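Input: a single structure, listed below in structure tokens.
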Amino acid sequence: VQLQASGGGKVQAGGSLRLSCAVSGRTSGSFNIGWFRLAPGKEREFVAGITWRDGSTDYADSIRGRFTISRDNYKNTVFLQMNTLKPEDTAVYHCAARYNVGTFNYWGQGTLVTVSS
């Protein structure tokens, strides 16, 4: 599977961005997409995840209620709608995939989100 993330940019605090992750390859079985972010000086953080088959979602507490993950099966794309952005959301955001519970084995390149105060 190959992943292509896009949609990052610069926004002021309180603003919104929508990230996209284009997926090519097999999406059957327990296929799962996750969004992660890496900020300078911090460890990589799980942000949100979605199961391709049934659309079930999971969110980190730090973004719950502000971010929404969704998928478009026909376009083979996963979205991360980010609202009420804060400066601490500034990071490189990556999408990743796995076929079973456990490690995300497939990673796309990141897209930079910068939130200014």
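Each chain in the structure tokens gets a letter, A, B and so on, in the order shown; residues start at 1 in every chain, and ligands are counted from 1 in the order they appear.
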Within 7 Å of segment 67-83 of chain A, counting only C-alpha atoms, which residues show up once you throw out same-chain ones fewer than 2 positions away? Write them as a PyMOL selection string, please. chain A and resi 15-23+48-50+63-65+85
Print the selection's residues with all heavy atoms to a file, as a CSV table (one decimal), in the first residue's frame.
chain,number,residue,atom,x,y,z
A,15,GLY,N,-8.2,28.7,13.6
A,15,GLY,CA,-8.6,28.3,12.3
A,15,GLY,C,-8.7,26.8,12.0
A,15,GLY,O,-8.6,26.0,12.9
A,16,SER,N,-8.9,26.5,10.7
A,16,SER,CA,-9.2,25.1,10.4
A,16,SER,C,-8.3,24.7,9.2
A,16,SER,O,-8.0,25.5,8.3
A,16,SER,CB,-10.7,24.9,10.0
A,16,SER,OG,-11.5,25.2,11.1
A,17,LEU,N,-8.0,23.4,9.1
A,17,LEU,CA,-7.4,22.8,7.9
A,17,LEU,C,-7.9,21.4,7.7
A,17,LEU,O,-8.4,20.8,8.7
A,17,LEU,CB,-5.9,22.7,8.1
A,17,LEU,CG,-5.0,24.0,7.9
A,17,LEU,CD1,-3.6,23.6,8.3
A,17,LEU,CD2,-5.1,24.5,6.5
A,18,ARG,N,-7.9,21.0,6.5
A,18,ARG,CA,-8.3,19.6,6.3
A,18,ARG,C,-7.1,18.9,5.6
A,18,ARG,O,-6.7,19.3,4.5
A,18,ARG,CB,-9.5,19.5,5.4
A,18,ARG,CG,-10.1,18.0,5.3
A,18,ARG,CD,-11.3,17.9,4.5
A,18,ARG,NE,-11.1,18.0,3.1
A,18,ARG,CZ,-12.0,17.5,2.2
A,18,ARG,NH1,-13.1,16.9,2.6
A,18,ARG,NH2,-11.8,17.6,0.9
A,19,LEU,N,-6.7,17.8,6.2
A,19,LEU,CA,-5.6,17.0,5.6
A,19,LEU,C,-6.2,15.8,4.8
A,19,LEU,O,-7.3,15.3,5.2
A,19,LEU,CB,-4.7,16.5,6.7
A,19,LEU,CG,-4.0,17.5,7.6
A,19,LEU,CD1,-3.1,16.8,8.6
A,19,LEU,CD2,-3.3,18.6,6.9
A,20,SER,N,-5.5,15.4,3.8
A,20,SER,CA,-6.0,14.3,3.0
A,20,SER,C,-4.9,13.2,2.9
A,20,SER,O,-3.7,13.6,2.9
A,20,SER,CB,-6.3,14.7,1.6
A,20,SER,OG,-7.4,15.6,1.6
A,21,CYS,N,-5.3,12.0,2.9
A,21,CYS,CA,-4.3,10.9,2.7
A,21,CYS,C,-4.9,10.0,1.6
A,21,CYS,O,-5.9,9.3,1.8
A,21,CYS,CB,-4.2,10.1,4.0
A,21,CYS,SG,-3.1,8.7,3.9
A,22,ALA,N,-4.3,10.1,0.5
A,22,ALA,CA,-4.7,9.2,-0.7
A,22,ALA,C,-4.0,7.9,-0.5
A,22,ALA,O,-2.8,7.7,-0.3
A,22,ALA,CB,-4.2,9.9,-2.0
A,23,VAL,N,-4.9,6.8,-0.6
A,23,VAL,CA,-4.4,5.5,-0.4
A,23,VAL,C,-4.5,4.7,-1.7
A,23,VAL,O,-5.5,4.7,-2.4
A,23,VAL,CB,-5.4,4.8,0.6
A,23,VAL,CG1,-4.9,3.4,0.9
A,23,VAL,CG2,-5.4,5.6,1.9
A,48,ALA,N,-5.4,10.3,15.4
A,48,ALA,CA,-6.7,9.7,15.1
A,48,ALA,C,-6.5,8.5,14.2
A,48,ALA,O,-5.5,8.4,13.4
A,48,ALA,CB,-7.6,10.7,14.5
A,49,GLY,N,-7.5,7.6,14.3
A,49,GLY,CA,-7.4,6.4,13.4
A,49,GLY,C,-8.8,6.0,13.0
A,49,GLY,O,-9.8,6.4,13.6
A,50,ILE,N,-8.9,5.3,11.8
A,50,ILE,CA,-10.2,4.9,11.3
A,50,ILE,C,-10.0,3.5,10.7
A,50,ILE,O,-9.0,3.2,10.0
A,50,ILE,CB,-10.7,5.9,10.3
A,50,ILE,CG1,-12.1,5.5,9.9
A,50,ILE,CG2,-9.8,6.0,9.0
A,50,ILE,CD1,-12.9,6.7,9.1
A,63,ILE,N,-6.9,16.0,21.1
A,63,ILE,CA,-7.6,16.6,19.9
A,63,ILE,C,-9.1,16.2,19.9
A,63,ILE,O,-9.8,16.7,19.0
A,63,ILE,CB,-6.9,16.3,18.6
A,63,ILE,CG1,-6.8,14.7,18.4
A,63,ILE,CG2,-5.5,16.9,18.5
A,63,ILE,CD1,-8.0,14.1,17.8
A,64,ARG,N,-9.5,15.4,20.8
A,64,ARG,CA,-10.9,15.0,20.7
A,64,ARG,C,-11.8,16.2,20.8
A,64,ARG,O,-11.7,17.1,21.6
A,64,ARG,CB,-11.2,14.0,21.9
A,64,ARG,CG,-12.5,13.2,21.8
A,64,ARG,CD,-12.6,12.4,23.0
A,64,ARG,NE,-11.5,11.5,23.3
A,64,ARG,CZ,-11.3,10.3,22.8
A,64,ARG,NH1,-12.3,9.9,22.0
A,64,ARG,NH2,-10.3,9.6,23.1
A,65,GLY,N,-12.8,16.2,19.9
A,65,GLY,CA,-13.8,17.2,19.9
A,65,GLY,C,-13.4,18.4,18.9
A,65,GLY,O,-14.2,19.2,18.5
A,85,LEU,N,-7.8,25.1,15.7
A,85,LEU,CA,-6.4,24.8,15.9
A,85,LEU,C,-5.7,25.7,16.9
A,85,LEU,O,-6.0,26.8,17.0
A,85,LEU,CB,-5.7,24.9,14.5
A,85,LEU,CG,-6.0,23.7,13.5
A,85,LEU,CD1,-5.7,24.1,12.1
A,85,LEU,CD2,-5.2,22.5,14.0
Fewer than 6 positions away in the same chain doesn't count, so skip those; otherwise give me all residues within 10 Å of Val101 of chain A, counting only C-alpha atoms, as an NGL selection string. :A and (30-32)
Take the residues from that selection and write them out as an mmCIF file, in the first residue's frame, keeping all heavy atoms.
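The result, written out as out_35.cif:
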data_model
loop_
_atom_site.group_PDB
_atom_site.id
_atom_site.type_symbol
_atom_site.label_atom_id
_atom_site.label_comp_id
_atom_site.auth_asym_id
_atom_site.auth_seq_id
_atom_site.Cartn_x
_atom_site.Cartn_y
_atom_site.Cartn_z
ATOM 1 N N SER A 30 -8.709 -6.122 7.839
ATOM 2 C CA SER A 30 -8.677 -5.202 8.987
ATOM 3 C C SER A 30 -7.797 -3.997 8.692
ATOM 4 O O SER A 30 -6.961 -3.599 9.516
ATOM 5 C CB SER A 30 -8.167 -5.946 10.213
ATOM 6 O OG SER A 30 -8.976 -7.047 10.513
ATOM 7 N N PHE A 31 -8.013 -3.403 7.543
ATOM 8 C CA PHE A 31 -7.198 -2.271 7.125
ATOM 9 C C PHE A 31 -7.546 -1.057 7.963
ATOM 10 O O PHE A 31 -8.713 -0.741 8.174
ATOM 11 C CB PHE A 31 -7.425 -1.991 5.642
ATOM 12 C CG PHE A 31 -6.485 -0.970 5.069
ATOM 13 C CD1 PHE A 31 -5.146 -1.249 4.902
ATOM 14 C CD2 PHE A 31 -6.952 0.276 4.676
ATOM 15 C CE1 PHE A 31 -4.278 -0.316 4.358
ATOM 16 C CE2 PHE A 31 -6.097 1.223 4.126
ATOM 17 C CZ PHE A 31 -4.760 0.918 3.968
ATOM 18 N N ASN A 32 -6.532 -0.389 8.420
ATOM 19 C CA ASN A 32 -6.714 0.714 9.350
ATOM 20 C C ASN A 32 -5.753 1.845 8.986
ATOM 21 O O ASN A 32 -4.584 1.580 8.680
ATOM 22 C CB ASN A 32 -6.431 0.213 10.778
ATOM 23 C CG ASN A 32 -6.767 1.229 11.835
ATOM 24 O OD1 ASN A 32 -6.026 2.173 12.064
ATOM 25 N ND2 ASN A 32 -7.886 1.020 12.496
#
Which of these residues is nearest to Gln109 of chain A, using only C-alpha atoms: A:Val47, A:Gln12, A:Arg26, A:Arg37? A:Arg37
Find the distance between atom CA of Ala13 of chain A and atom CA of Lys86 of chain A and write it in Å to one decimal.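 It comes out at 5.0 Å.
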What's the 8 Å shell around segment 110-117 of chain A, counting only C-alpha atoms, without same-chain residues fewer than 4 positions away, as an NGL selection string? :A and (5-13 or 85-95)
Secondary structure check, strand (DSSP E or B) residues of chain A, as a count of residues only: 63
Considering only C-alpha atoms, return as a ChimeraX atom specification whatever protein or nucleic-acid residues lie within 8 Å of Tyr106 of chain A, sequence-local ones (same chain, fewer than 4 positions apart) excluded. /A:1-3,96-98
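Compared by their closest atoms to Asn100 of chain A, and using only C-alpha atoms, the residues A:Gly29, A:Pro40, A:Gly55, A:Gly34 rank with A:Gly29 nearest.
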